[in-house]
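Engineer: Sharing run-v9.txt here; it has compact mmCIF, C-alpha atoms and all ligand atoms.
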```txt
# COMPACT_ATOMS: atom_id res chain seq x y z
CA MET L 1242 88.07 -22.76 -43.76
CA THR L 1243 90.56 -25.56 -44.46
CA LEU L 1244 91.67 -28.31 -42.14
CA ASP L 1245 94.61 -27.20 -40.02
CA ALA L 1246 97.71 -29.19 -40.99
CA ARG L 1247 98.69 -29.33 -37.30
CA ASP L 1248 95.60 -31.44 -36.59
CA VAL L 1249 95.93 -34.13 -39.23
CA GLY L 1250 99.15 -35.69 -37.97
CA LEU L 1251 97.63 -37.09 -34.79
CA LEU L 1252 94.13 -37.88 -36.01
CA ARG L 1253 93.36 -41.53 -36.73
CA CYS L 1254 90.72 -43.44 -38.66
CA PRO L 1255 87.81 -44.36 -36.34
CA ALA L 1256 86.49 -47.14 -38.61
CA LYS L 1257 85.83 -50.51 -36.99
CA THR L 1258 86.41 -53.40 -39.35
CA PRO L 1259 85.48 -54.96 -36.83
CA ARG L 1260 88.57 -53.97 -34.84
CA PRO L 1261 89.40 -50.25 -34.61
CA CYS L 1262 91.39 -49.29 -37.71
CA LEU L 1263 93.30 -46.28 -36.30
CA GLY L 1264 95.19 -45.82 -39.56
CA ALA L 1265 96.91 -42.49 -40.18
CA LEU L 1266 94.97 -39.94 -42.25
CA SER L 1267 96.05 -37.90 -45.25
CA ASP L 1268 94.47 -34.58 -46.15
CA ALA L 1269 92.71 -34.82 -49.53
CA GLY L 1270 90.91 -31.47 -49.43
CA ALA L 1271 87.21 -32.24 -49.00
CA THR L 1272 88.07 -35.46 -47.14
CA VAL L 1273 90.77 -37.05 -45.03
CA VAL L 1274 91.63 -40.52 -46.26
CA CYS L 1275 92.79 -43.46 -44.17
CA ASP L 1276 96.19 -44.78 -45.24
CA ARG L 1277 95.25 -48.24 -43.92
CA CYS L 1278 91.62 -49.04 -44.86
CA GLY L 1279 90.99 -46.34 -47.46
CA ALA L 1280 87.94 -44.86 -45.67
CA ALA L 1281 87.32 -41.22 -46.61
CA TRP L 1282 86.01 -38.91 -43.88
CA PRO L 1283 84.41 -35.59 -44.83
CA VAL L 1284 85.98 -32.26 -43.96
CA ARG L 1285 83.71 -29.20 -43.83
CA ASP L 1286 84.47 -25.76 -42.41
CA GLY L 1287 87.95 -27.01 -41.57
CA LEU L 1288 86.53 -29.71 -39.31
CA ALA L 1289 87.09 -33.42 -39.94
CA ARG L 1290 83.93 -35.46 -39.33
CA LEU L 1291 85.42 -38.65 -37.96
CA TYR L 1292 82.36 -40.72 -37.13
CA ARG L 1293 79.97 -43.06 -38.92
CA ASP L 1294 76.63 -41.31 -38.97
CA ASP L 1295 74.73 -44.61 -39.30
CA LEU L 1296 76.30 -45.75 -36.01
CA VAL L 1297 75.08 -42.67 -34.10
CA ARG L 1298 71.89 -44.18 -32.74
CA GLY L 1299 69.31 -43.96 -29.96
CA ASN L 1300 70.22 -41.56 -27.17
CA ASP L 1301 73.39 -40.36 -28.94
CA ARG L 1302 71.35 -39.27 -31.93
CA LEU L 1303 68.65 -37.65 -29.81
CA LEU L 1304 71.18 -35.76 -27.68
CA ARG L 1305 73.06 -34.57 -30.74
CA PHE L 1306 69.80 -33.18 -32.11
CA VAL L 1307 69.16 -31.37 -28.81
CA TYR L 1308 72.72 -30.00 -28.47
CA ASP L 1309 72.83 -28.90 -32.10
CA ARG L 1310 69.72 -26.77 -31.64
CA PHE L 1311 70.16 -25.51 -28.10
CA ALA L 1312 73.92 -24.90 -27.98
CA ALA L 1313 73.32 -21.22 -27.09
CA LEU L 1314 71.40 -22.20 -23.94
CA HIS L 1315 74.05 -24.58 -22.61
CA ASP L 1316 76.42 -22.14 -20.88
CA PRO L 1317 73.75 -20.03 -19.13
CA ALA L 1318 72.08 -23.25 -17.94
CA VAL L 1319 75.32 -24.53 -16.39
CA ARG L 1320 76.29 -21.15 -14.91
CA TRP L 1321 72.93 -20.04 -13.49
CA LEU L 1322 70.30 -22.74 -13.60
CA ILE L 1323 72.14 -25.76 -12.18
CA PRO L 1324 73.35 -23.95 -8.99
CA VAL L 1325 69.82 -22.61 -8.46
CA LEU L 1326 68.26 -26.04 -8.94
CA GLN L 1327 70.80 -27.69 -6.65
CA THR L 1328 70.37 -24.80 -4.18
CA GLU L 1329 74.11 -24.79 -3.64
CA GLY L 1330 77.52 -24.25 -5.20
CA SER L 1331 78.56 -22.51 -8.37
CA GLU L 1332 79.84 -23.61 -11.72
CA ARG L 1333 83.32 -22.53 -10.66
CA ALA L 1334 83.27 -24.49 -7.39
CA MET L 1335 82.22 -27.63 -9.26
CA ARG L 1336 84.85 -27.25 -11.95
CA ASP L 1337 87.45 -26.75 -9.19
CA VAL L 1338 86.76 -30.23 -7.78
CA TYR L 1339 87.32 -32.13 -10.99
CA LEU L 1340 90.10 -29.98 -12.37
CA ARG L 1341 92.04 -30.61 -9.15
CA ARG L 1342 91.81 -34.35 -9.87
CA LEU L 1343 93.36 -33.75 -13.30
CA ALA L 1344 96.56 -32.70 -11.50
CA LEU L 1345 97.51 -30.28 -14.25
CA ASP L 1346 100.11 -28.65 -12.00
CA ALA L 1347 102.05 -31.94 -12.02
CA LEU L 1348 102.55 -31.91 -15.79
CA ARG L 1349 106.18 -31.70 -16.90
CA PRO L 1350 107.59 -31.34 -20.43
CA ARG L 1351 108.18 -34.57 -22.36
CA SER L 1352 111.22 -35.14 -24.51
CA ASP L 1353 109.51 -37.43 -27.05
CA ARG L 1354 106.47 -35.38 -28.09
CA PRO L 1355 104.35 -32.35 -27.11
CA LEU L 1356 102.22 -32.55 -23.97
CA ARG L 1357 98.56 -33.05 -24.78
CA VAL L 1358 95.27 -32.66 -22.90
CA LEU L 1359 92.14 -34.24 -24.39
CA GLU L 1360 88.60 -33.15 -23.55
CA VAL L 1361 85.97 -35.67 -24.64
CA GLY L 1362 82.58 -34.08 -25.37
CA ALA L 1363 84.03 -30.58 -24.99
CA GLY L 1364 80.79 -28.83 -25.93
CA THR L 1365 81.11 -25.07 -26.07
CA GLY L 1366 84.62 -25.15 -24.58
CA ALA L 1367 83.67 -23.95 -21.09
CA ASN L 1368 86.60 -25.88 -19.57
CA ILE L 1369 89.37 -24.55 -21.80
CA GLY L 1370 90.23 -21.36 -19.89
CA ALA L 1371 90.03 -23.13 -16.54
CA VAL L 1372 92.52 -25.76 -17.75
CA ARG L 1373 94.87 -23.09 -19.10
CA ASP L 1374 94.81 -21.27 -15.74
CA ARG L 1375 95.85 -24.40 -13.84
CA LEU L 1376 98.84 -25.36 -16.00
CA PRO L 1377 102.37 -24.67 -14.73
CA ARG L 1378 103.48 -21.27 -15.99
CA GLY L 1379 105.25 -21.35 -19.33
CA LEU L 1380 104.44 -25.02 -20.02
CA ASP L 1381 103.57 -25.67 -23.64
CA VAL L 1382 100.50 -27.92 -23.86
CA GLU L 1383 98.29 -28.83 -26.80
CA TYR L 1384 94.55 -28.77 -26.12
CA TRP L 1385 92.59 -31.37 -28.09
CA ALA L 1386 88.81 -31.29 -28.03
CA MET L 1387 86.19 -33.47 -29.66
CA ASP L 1388 82.40 -33.49 -29.72
CA LEU L 1389 79.61 -35.03 -31.76
CA SER L 1390 77.53 -31.87 -32.07
CA GLU L 1391 78.24 -29.40 -34.85
CA GLY L 1392 76.24 -26.72 -32.98
CA MET L 1393 78.31 -27.09 -29.80
CA LEU L 1394 81.61 -27.03 -31.74
CA ALA L 1395 80.46 -23.90 -33.57
CA ALA L 1396 79.86 -22.28 -30.17
CA LEU L 1397 83.32 -23.42 -29.06
CA ARG L 1398 84.88 -21.78 -32.11
CA GLU L 1399 82.96 -18.56 -31.40
CA ARG L 1400 84.29 -18.62 -27.84
CA LEU L 1401 87.86 -18.95 -29.18
CA ALA L 1402 87.29 -16.18 -31.70
CA ARG L 1403 86.09 -13.87 -28.90
CA ASP L 1404 89.09 -14.73 -26.75
CA PRO L 1405 92.05 -15.93 -28.85
CA ARG L 1406 94.22 -16.33 -25.73
CA LEU L 1407 91.81 -18.76 -24.11
CA ALA L 1408 93.70 -21.90 -25.06
CA PRO L 1409 97.09 -22.87 -23.63
CA GLY L 1410 100.26 -23.18 -25.72
CA ASP L 1411 99.98 -21.78 -29.20
CA GLY L 1412 96.32 -20.87 -28.59
CA HIS L 1413 95.15 -23.36 -31.17
CA VAL L 1414 92.52 -25.87 -30.03
CA ARG L 1415 92.71 -29.03 -32.11
CA LEU L 1416 89.12 -29.91 -32.88
CA ALA L 1417 87.44 -33.02 -34.24
CA MET L 1418 83.84 -33.92 -34.72
CA ALA L 1419 83.72 -37.50 -33.52
CA ASP L 1420 81.94 -40.04 -31.36
CA ALA L 1421 83.28 -40.72 -27.85
CA HIS L 1422 82.66 -44.44 -28.49
CA ALA L 1423 85.38 -44.47 -31.19
CA LEU L 1424 87.95 -41.79 -30.48
CA PRO L 1425 89.98 -40.77 -33.56
CA TYR L 1426 93.37 -40.80 -31.83
CA PRO L 1427 96.19 -43.31 -31.40
CA ASP L 1428 96.84 -45.29 -28.22
CA GLY L 1429 98.63 -43.46 -25.41
CA ALA L 1430 98.63 -40.06 -27.12
CA PHE L 1431 97.40 -37.88 -24.22
CA ASP L 1432 98.82 -36.87 -20.86
CA ARG L 1433 95.48 -35.86 -19.37
CA VAL L 1434 92.00 -37.01 -20.47
CA PHE L 1435 88.73 -35.69 -19.12
CA HIS L 1436 85.04 -35.55 -19.78
CA THR L 1437 82.25 -33.57 -18.12
CA GLY L 1438 78.50 -33.89 -18.39
CA GLY L 1439 77.47 -36.42 -21.01
CA ILE L 1440 78.53 -40.00 -20.46
CA GLY L 1441 75.34 -40.92 -18.56
CA GLY L 1442 73.43 -40.37 -21.81
CA TYR L 1443 75.83 -42.30 -24.04
CA ASN L 1444 74.66 -45.58 -25.57
CA ASP L 1445 77.66 -47.45 -24.14
CA PRO L 1446 79.46 -45.72 -21.23
CA ARG L 1447 81.75 -48.75 -20.77
CA ALA L 1448 83.06 -48.40 -24.33
CA ALA L 1449 83.55 -44.64 -23.86
CA LEU L 1450 85.59 -45.18 -20.67
CA ALA L 1451 87.66 -47.84 -22.44
CA GLU L 1452 88.35 -45.38 -25.24
CA MET L 1453 89.47 -42.67 -22.80
CA ALA L 1454 91.85 -45.18 -21.18
CA ARG L 1455 93.14 -46.37 -24.56
CA VAL L 1456 94.22 -42.91 -25.71
CA ALA L 1457 95.76 -42.00 -22.33
CA ALA L 1458 99.51 -42.44 -21.83
CA PRO L 1459 100.59 -44.82 -19.01
CA GLY L 1460 99.95 -43.31 -15.57
CA THR L 1461 97.65 -40.62 -16.91
CA PRO L 1462 94.79 -39.27 -14.77
CA ILE L 1463 91.38 -39.65 -16.41
CA VAL L 1464 88.53 -37.62 -14.92
CA VAL L 1465 84.84 -38.12 -15.65
CA VAL L 1466 81.98 -36.02 -14.30
CA ASP L 1467 78.25 -36.46 -14.71
CA GLU L 1468 74.99 -36.65 -12.81
CA GLN L 1469 74.47 -38.56 -9.58
CA LEU L 1470 72.40 -37.51 -6.60
CA ASP L 1471 74.95 -37.48 -3.77
CA PRO L 1472 74.40 -40.87 -2.07
CA SER L 1473 75.98 -39.69 1.21
CA ARG L 1474 73.45 -36.93 1.89
CA ALA L 1475 69.75 -36.51 2.61
CA HIS L 1476 67.72 -34.82 -0.12
CA SER L 1477 64.42 -33.02 0.05
CA LEU L 1478 61.50 -33.94 -2.19
CA TYR L 1479 62.33 -30.79 -4.15
CA HIS L 1480 65.90 -31.96 -4.84
CA ARG L 1481 64.75 -35.44 -5.84
CA ALA L 1482 62.10 -34.08 -8.20
CA VAL L 1483 64.47 -31.58 -9.81
CA PHE L 1484 67.19 -34.19 -10.19
CA ARG L 1485 64.73 -36.54 -11.92
CA ALA L 1486 63.78 -33.75 -14.31
CA VAL L 1487 67.36 -32.65 -15.15
CA THR L 1488 68.31 -36.28 -15.85
CA PHE L 1489 65.31 -36.65 -18.15
CA TYR L 1490 63.76 -39.29 -15.88
CA ASP L 1491 66.66 -41.63 -16.49
CA ARG L 1492 66.09 -44.71 -14.30
CA ASP L 1493 69.50 -44.82 -12.64
CA PRO L 1494 71.86 -41.88 -13.20
CA HIS L 1495 74.97 -42.90 -11.26
CA CYS L 1496 78.74 -42.89 -11.22
CA PRO L 1497 79.85 -45.71 -13.58
CA ARG L 1498 82.60 -46.90 -11.25
CA GLU L 1499 81.79 -50.52 -12.14
CA LEU L 1500 82.63 -49.76 -15.79
CA VAL L 1501 86.15 -48.44 -15.21
CA PRO L 1502 88.53 -50.54 -17.36
CA ALA L 1503 90.17 -53.49 -15.59
CA GLY L 1504 93.70 -52.72 -14.42
CA SER L 1505 92.98 -49.03 -13.74
CA VAL L 1506 94.57 -47.70 -10.57
CA ASP L 1507 93.80 -44.94 -8.03
CA VAL L 1508 90.06 -45.15 -8.68
CA ILE L 1509 88.32 -42.39 -6.70
CA GLU L 1510 84.61 -41.61 -6.62
CA GLU L 1511 83.51 -38.36 -4.99
CA GLN L 1512 80.81 -35.75 -5.39
CA ALA L 1513 81.61 -32.49 -7.13
CA SER L 1514 78.25 -31.14 -5.92
CA ARG L 1515 74.82 -32.41 -4.88
CA PHE L 1516 73.93 -33.46 -8.45
CA PHE L 1517 77.34 -34.36 -9.94
CA TYR L 1518 79.89 -37.08 -9.21
CA CYS L 1519 83.55 -36.92 -10.11
CA LEU L 1520 85.16 -40.25 -11.02
CA SER L 1521 88.91 -40.32 -11.45
CA PHE L 1522 91.29 -43.15 -12.24
CA LYS L 1523 94.67 -43.70 -13.84
CA THR L 1524 95.96 -45.96 -16.51
CA PRO L 1525 98.59 -48.33 -15.08
CA GLY L 1526 101.96 -46.53 -15.06
C1 LIG S 1 76.31 -31.22 -21.14
S1 LIG S 1 77.39 -30.95 -22.52
C2 LIG S 1 78.91 -30.69 -21.66
C3 LIG S 1 79.90 -29.85 -22.41
C4 LIG S 1 81.21 -29.55 -21.68
N1 LIG S 1 81.94 -30.76 -21.40
C5 LIG S 1 80.97 -28.76 -20.40
O1 LIG S 1 81.20 -29.27 -19.32
O2 LIG S 1 80.57 -27.59 -20.49
C6 LIG S 1 77.58 -32.60 -23.20
C7 LIG S 1 78.33 -32.65 -24.52
O3 LIG S 1 78.53 -34.02 -24.88
C8 LIG S 1 78.40 -34.12 -26.29
N2 LIG S 1 78.13 -35.52 -26.67
C9 LIG S 1 76.98 -36.22 -26.47
N3 LIG S 1 77.14 -37.47 -26.95
C10 LIG S 1 78.40 -37.56 -27.46
C11 LIG S 1 79.16 -38.59 -28.07
N4 LIG S 1 78.66 -39.82 -28.27
N5 LIG S 1 80.42 -38.32 -28.46
C12 LIG S 1 80.96 -37.08 -28.27
N6 LIG S 1 80.29 -36.07 -27.68
C13 LIG S 1 79.03 -36.30 -27.27
C14 LIG S 1 77.27 -33.18 -26.63
O4 LIG S 1 77.26 -32.84 -27.99
C15 LIG S 1 77.57 -32.01 -25.68
O5 LIG S 1 78.38 -31.06 -26.30
ZN ZN S 2 90.91 -46.85 -41.62
```
Can you give me the file's structure in the form of structure tokens?

Structural biologist:
Amino acid sequence: MTLDARDVGLLRCPAKTPRPCLGALSDAGATVVCDRCGAAWPVRDGLARLYRDDLVRGNDRLLRFVYDRFAALHDPAVRWLIPVLQTEGSERAMRDVYLRRLALDALRPRSDRPLRVLEVGAGTGANIGAVRDRLPRGLDVEYWAMDLSEGMLAALRERLARDPRLAPGDGHVRLAMADAHALPYPDGAFDRVFHTGGIGGYNDPRAALAEMARVAAPGTPIVVVDEQLDPSRAHSLYHRAVFRAVTFYDRDPHCPRELVPAGSVDVIEEQASRFFYCLSFKTPG
């Protein structure tokens, strides 16, 4: 499989030297090469690998190992296990809460460039169809998705192969294998940015939020979902014990509201379910 020419134009060099390079990339077959710093990034199976492996450390490395090997278990766990463990809700009800905050129905065509939605840590692509269903009818939108796990992206591609009409617009999901701490896209390139279920395990959630804000166009909603035991409700011993286990005994899984980039507006913290918060904010318009 070769790299899709439609993808290369927007991708940028994620090197930090020490500032982010973000140079444009040229397709050189087995690599994409940065026009600015000369870094060469491997391309395999038509997928550009836009991250420095030596910088994937600690939790990020451990989680990548887990997701690479257990990608097939991810979707059943989210669909069946989490609602059972929470003793409430459904995957669909939870996705409804955060997708509403993305305000996809408010998207309107742009005259300067295509509309673009970015999913950070897209995993197996479980959100793609739900996003497509909430877009205004007939609106042409590009779906961009990135993840650090080869196993999860392989599952995403299988999902697309099973259902080629899953993605909005031309049906092509623009994929990159990359690290959420150094997104391989230019500033202000996306009209909606979202992330579900991973940031609590990242090495540096503040940096990941800053990256999401950097690549979002002015006034863009950014939505982030991950684990937090609903602070406004009482929980049984069972719920507390299960929550500790599903968060791998993390000391303080919580909504990173305090890490939202300075200057963000319309910051809203809510619960999407007993175990998951939904944090939304906008870049200044
Ligand atoms: C729990 S899954 C969620 C997948 C998807 N967003 C969903 O809701 O179904 C978390 C995903 O985050 C990815 N991930 C973990 N660390 C990452 C990082 N530093 N950069 C990009 N993706 C990362 C994992 O590979 C995994 O696919
Ligand atoms: Zn570069």

Engineer: Please report, as a tab-separated table, each residue of chain L lying at most 7 Å from ligand ZN 2 (chain S), together with the nearest pair of atoms and the separation in Å rounded to one decimal; use only C-alpha atoms and all ligand atoms, and order rows by chain and ascending residue number.

Structural biologist:
```
residue	atom	partner	partner_atom	distance
L:Cys1254	CA	S:ZN2	ZN	4.5
L:Pro1255	CA	S:ZN2	ZN	6.6
L:Ala1256	CA	S:ZN2	ZN	5.4
L:Cys1262	CA	S:ZN2	ZN	4.6
L:Leu1263	CA	S:ZN2	ZN	5.9
L:Gly1264	CA	S:ZN2	ZN	4.9
L:Cys1275	CA	S:ZN2	ZN	4.6
L:Asp1276	CA	S:ZN2	ZN	6.7
L:Arg1277	CA	S:ZN2	ZN	5.1
L:Cys1278	CA	S:ZN2	ZN	4.0
L:Gly1279	CA	S:ZN2	ZN	5.9
L:Ala1280	CA	S:ZN2	ZN	5.4
```

Engineer: May I have the protein, DNA and RNA residues with an atom at most 12 Å from (83.8, -23.9, -29.4), counting all atoms listed in the file in the file's coordinates, returned as a VMD selection string?

Structural biologist: chain L and resid 1288 1312 to 1313 1315 to 1316 1360 1362 to 1370 1385 to 1388 1390 to 1405 1407 to 1408 1413 to 1418

Engineer: Mind giving me the straight-line distance from atom C8 of ligand LIG 1 (chain S) to atom CA of L:Arg1320 in Å, one decimal?

Structural biologist: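 Atom C8 of ligand LIG 1 (chain S) sits 17.4 Å away from atom CA of L:Arg1320.
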
Engineer: Which is closest to ligand LIG 1 (chain S) among L:Asn1300, L:Gln1327, L:Thr1437, L:Thr1272, if we use all atoms listed in the file?

Structural biologist: L:Thr1437

Engineer: Give me the residues near stretch 1452-1458 of chain L as a count of residues only, where near means some atom within 10 Å (using only C-alpha atoms) and where sequence neighbours in that chain fewer than 2 positions away do not count.

Structural biologist: 40

Engineer: Work out where the centre of an axis-aligned box around every listed atom of ligand LIG 1 (chain S) lies and how long its edges are once 6 Å is added on each side; give both in Å to one decimal as lines of an AutoDock Vina configuration file.

Structural biologist:
```
center_x = 79.1
center_y = -33.7
center_z = -23.9
size_x = 17.6
size_y = 24.2
size_z = 21.1
```

Engineer: Between L:Arg1474, L:Arg1290, L:Arg1341, L:Lys1257, single out the one closest to ligand LIG 1 (chain S), counting only C-alpha atoms and all ligand atoms.

Structural biologist: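 Of the candidates, the smallest distance to ligand LIG 1 (chain S) is held by L:Arg1290.
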
Engineer: Show me, as a PyMOL selection string, the residues that have an atom within 9 Å of L:His1495 when counting all atoms listed in the file, minus same-chain residues fewer than 6 positions from it.

Structural biologist: chain L and resi 1441+1467-1470+1517-1518

Engineer: Between L:Ser1331, L:Arg1336, L:Gly1438, L:Arg1373, which one has atoms that come closest to L:Gly1412, using all atoms listed in the file?

Structural biologist: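 For L:Gly1412, the nearest of the given residues is L:Arg1373.
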
Engineer: How far is it from atom CA of L:Ala1265 to atom CA of L:Arg1253, in Å with one decimal?

Structural biologist: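 Computed distance, atom CA of L:Ala1265 to atom CA of L:Arg1253, equals 5.0 Å.
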
Engineer: Would you kindly identify which residues have an atom no farther than 8 Å from (79.7, -29.9, -4.1), using only C-alpha atoms and the file's own coordinates, and write them out as a PyMOL selection string?

Structural biologist: chain L and resi 1329-1330+1334-1335+1338+1512-1515+1517

Engineer: Can you write just those residues out, C-alpha atoms, as a PDB file, in the frame of the given file?

Structural biologist:
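Dumped everything to again06.pdb:
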```pdb
ATOM      1  CA  GLU L1329      74.110 -24.790  -3.640  1.00  0.00           C
ATOM      2  CA  GLY L1330      77.520 -24.250  -5.200  1.00  0.00           C
ATOM      3  CA  ALA L1334      83.270 -24.490  -7.390  1.00  0.00           C
ATOM      4  CA  MET L1335      82.220 -27.630  -9.260  1.00  0.00           C
ATOM      5  CA  VAL L1338      86.760 -30.230  -7.780  1.00  0.00           C
ATOM      6  CA  GLN L1512      80.810 -35.750  -5.390  1.00  0.00           C
ATOM      7  CA  ALA L1513      81.610 -32.490  -7.130  1.00  0.00           C
ATOM      8  CA  SER L1514      78.250 -31.140  -5.920  1.00  0.00           C
ATOM      9  CA  ARG L1515      74.820 -32.410  -4.880  1.00  0.00           C
ATOM     10  CA  PHE L1517      77.340 -34.360  -9.940  1.00  0.00           C
TER      11      PHE L1517
END
```

Engineer: I'd like to know which of L:Leu1520, L:Val1466, L:Leu1356, L:Val1273 is closest to ligand LIG 1 (chain S), using only C-alpha atoms and all ligand atoms.

Structural biologist: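 Smallest separation from ligand LIG 1 (chain S) among the options: L:Val1466.
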
Engineer: For atom CA of L:Asp1301 and atom CA of L:Pro1259, quote the distance in Å rounded to one decimal.

Structural biologist: 20.5 Å

Engineer: Between L:Arg1498, L:Arg1342, L:Arg1293, L:Arg1492, which is the closest to ligand LIG 1 (chain S) once you count only C-alpha atoms and all ligand atoms?

Structural biologist: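 Of L:Arg1498, L:Arg1342, L:Arg1293, L:Arg1492, the one nearest ligand LIG 1 (chain S), counting only C-alpha atoms and all ligand atoms, is L:Arg1293.
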
Engineer: Restricting the calculation to all atoms listed in the file, which member of L:Cys1496, L:Ile1323, L:Leu1343, L:Ala1269 is positioned closest to L:Phe1484?

Structural biologist: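 For L:Phe1484, the nearest of the candidates is L:Ile1323.
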